[in-house]
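Colleague: Submitted below is the structure of interest, expressed as structure tokens.
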Amino acid sequence: MSAACERGFSSEELLSLRFPLHRACRDGDVGALRSLLAVSSPTDISLEDNFYGWTPLHWAAHFGKLECVMQLVQAGVGVNISTTRFAQTPAHIAAFGGHPRGLLWLIQVGADYNIQDYVGETPVHKAARSGSLDCLNVLVSHGAKTDLRNASGLTAAELALAQGFRQCSQYLCSVQNHRLNGFYTNGIASGLYRDNLITDGLNGYMGTNRKRSHEESDHGGIKKPRTDDSSFSQLWALMA
């Protein structure tokens with residue numbers, strides 16, 4: 001990357017020239033992606049970029065481009081493909097980015113939602129780190145573990161609290177308490193959060209009722225749980 005930049009290429013030009021699959025996934029350009037996949041080798045579709053060390057599938061997961069995610073998996077990209085540098089899967093990236101529909105689809109086709117990255121964090125930790133209550137709901141409803149600790153010794157609930165997402169922390173603590181007391185069965189916490197769920201049209205996707213989440217948020221200096229998409233500027237927080 002540095003050599004190309006030294007020759008006067010901008011990052012955007014470099015992305016277009018050397019990583020067209022990644023750019024198509026960033027932009028959600030399904031037509032371009034299909035055309036590129038038709039002439040790409042298995043090496044091309046799993047290539048890590050020089051910016052974040054992500055494959056095209058990681059880019060699609062981060063930006064919430066579900067159609068691109070589907071195209072790549074159908075083209076043979078492993079749903080649990082892990083980055084060399086940070087050992088993060090698309091599920092980690094989607095959870096941190098706050099994309100519950102993409103995360104749900106990945107889980108439905110075999111994504112490991114309990115896998116830990118290089119700092120010991122699971123997708124539950126990533127959703128907690130970014131305050132995505134929607135993604136936490138998807139993960140918990142499928143039985144994701146909430147008691148795993150990262151390399152710093154923090155559970156997802158403790159991490160959410162440290163980041164200022166108190167509602168996410170309380171939700172995770174409630175899930176854990178219900179599980180310990182035997183009220184959590186078959187991946188569904190009976191009565192625990194059912195009142196906060198709505199269907200979203202993706203095979204019964206369950207996400208939080210956004211209006212209710214915001215109305216119930218604490219405004220006393222406490223961050224609201226995120227129920228919208230993340231911005232590109234938050235990429236580096238994932239690497240923390």
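Residue numbers start at 1 in each chain; chains themselves are named A, B, ... in the order of the structure tokens; ligands are numbered from 1 in the order shown.
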Give me the stretch 3-115 of chain A side of the contact with stretch 139-157 of chain A, cut-off 8 Å, one line per residue showing its nearest atom pair and distance in Å at one decimal, counting only C-alpha atoms, sorted by chain and residue number, as CSV.

Modeller:
```
residue,atom,partner,partner_atom,distance
A:Leu104,CA,A:Leu139,CA,7.9
A:Tyr113,CA,A:Ala144,CA,6.1
A:Asn114,CA,A:Ala144,CA,6.1
```

Colleague: Fewer than 6 positions away in the same chain doesn't count, so skip those; otherwise give me all residues within 7 Å of stretch 15-30 of chain A, counting only C-alpha atoms, as a ChimeraX atom specification.

Modeller: /A:36,49,56,59-60,63,65,67-68

Colleague: Just to confirm, what's the straight-line distance from atom CA of A:Cys173 to atom CA of A:Glu158 in Å (one decimal)?

Modeller: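 We find that atom CA of A:Cys173 and atom CA of A:Glu158 lie 8.9 Å from each other.
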
Colleague: For A:Gly76, which residue out of A:Ser41, A:His99, A:Tyr52, A:His92 is the nearest one, using only C-alpha atoms?

Modeller: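 Result for the nearest residue to A:Gly76: A:Ser41.
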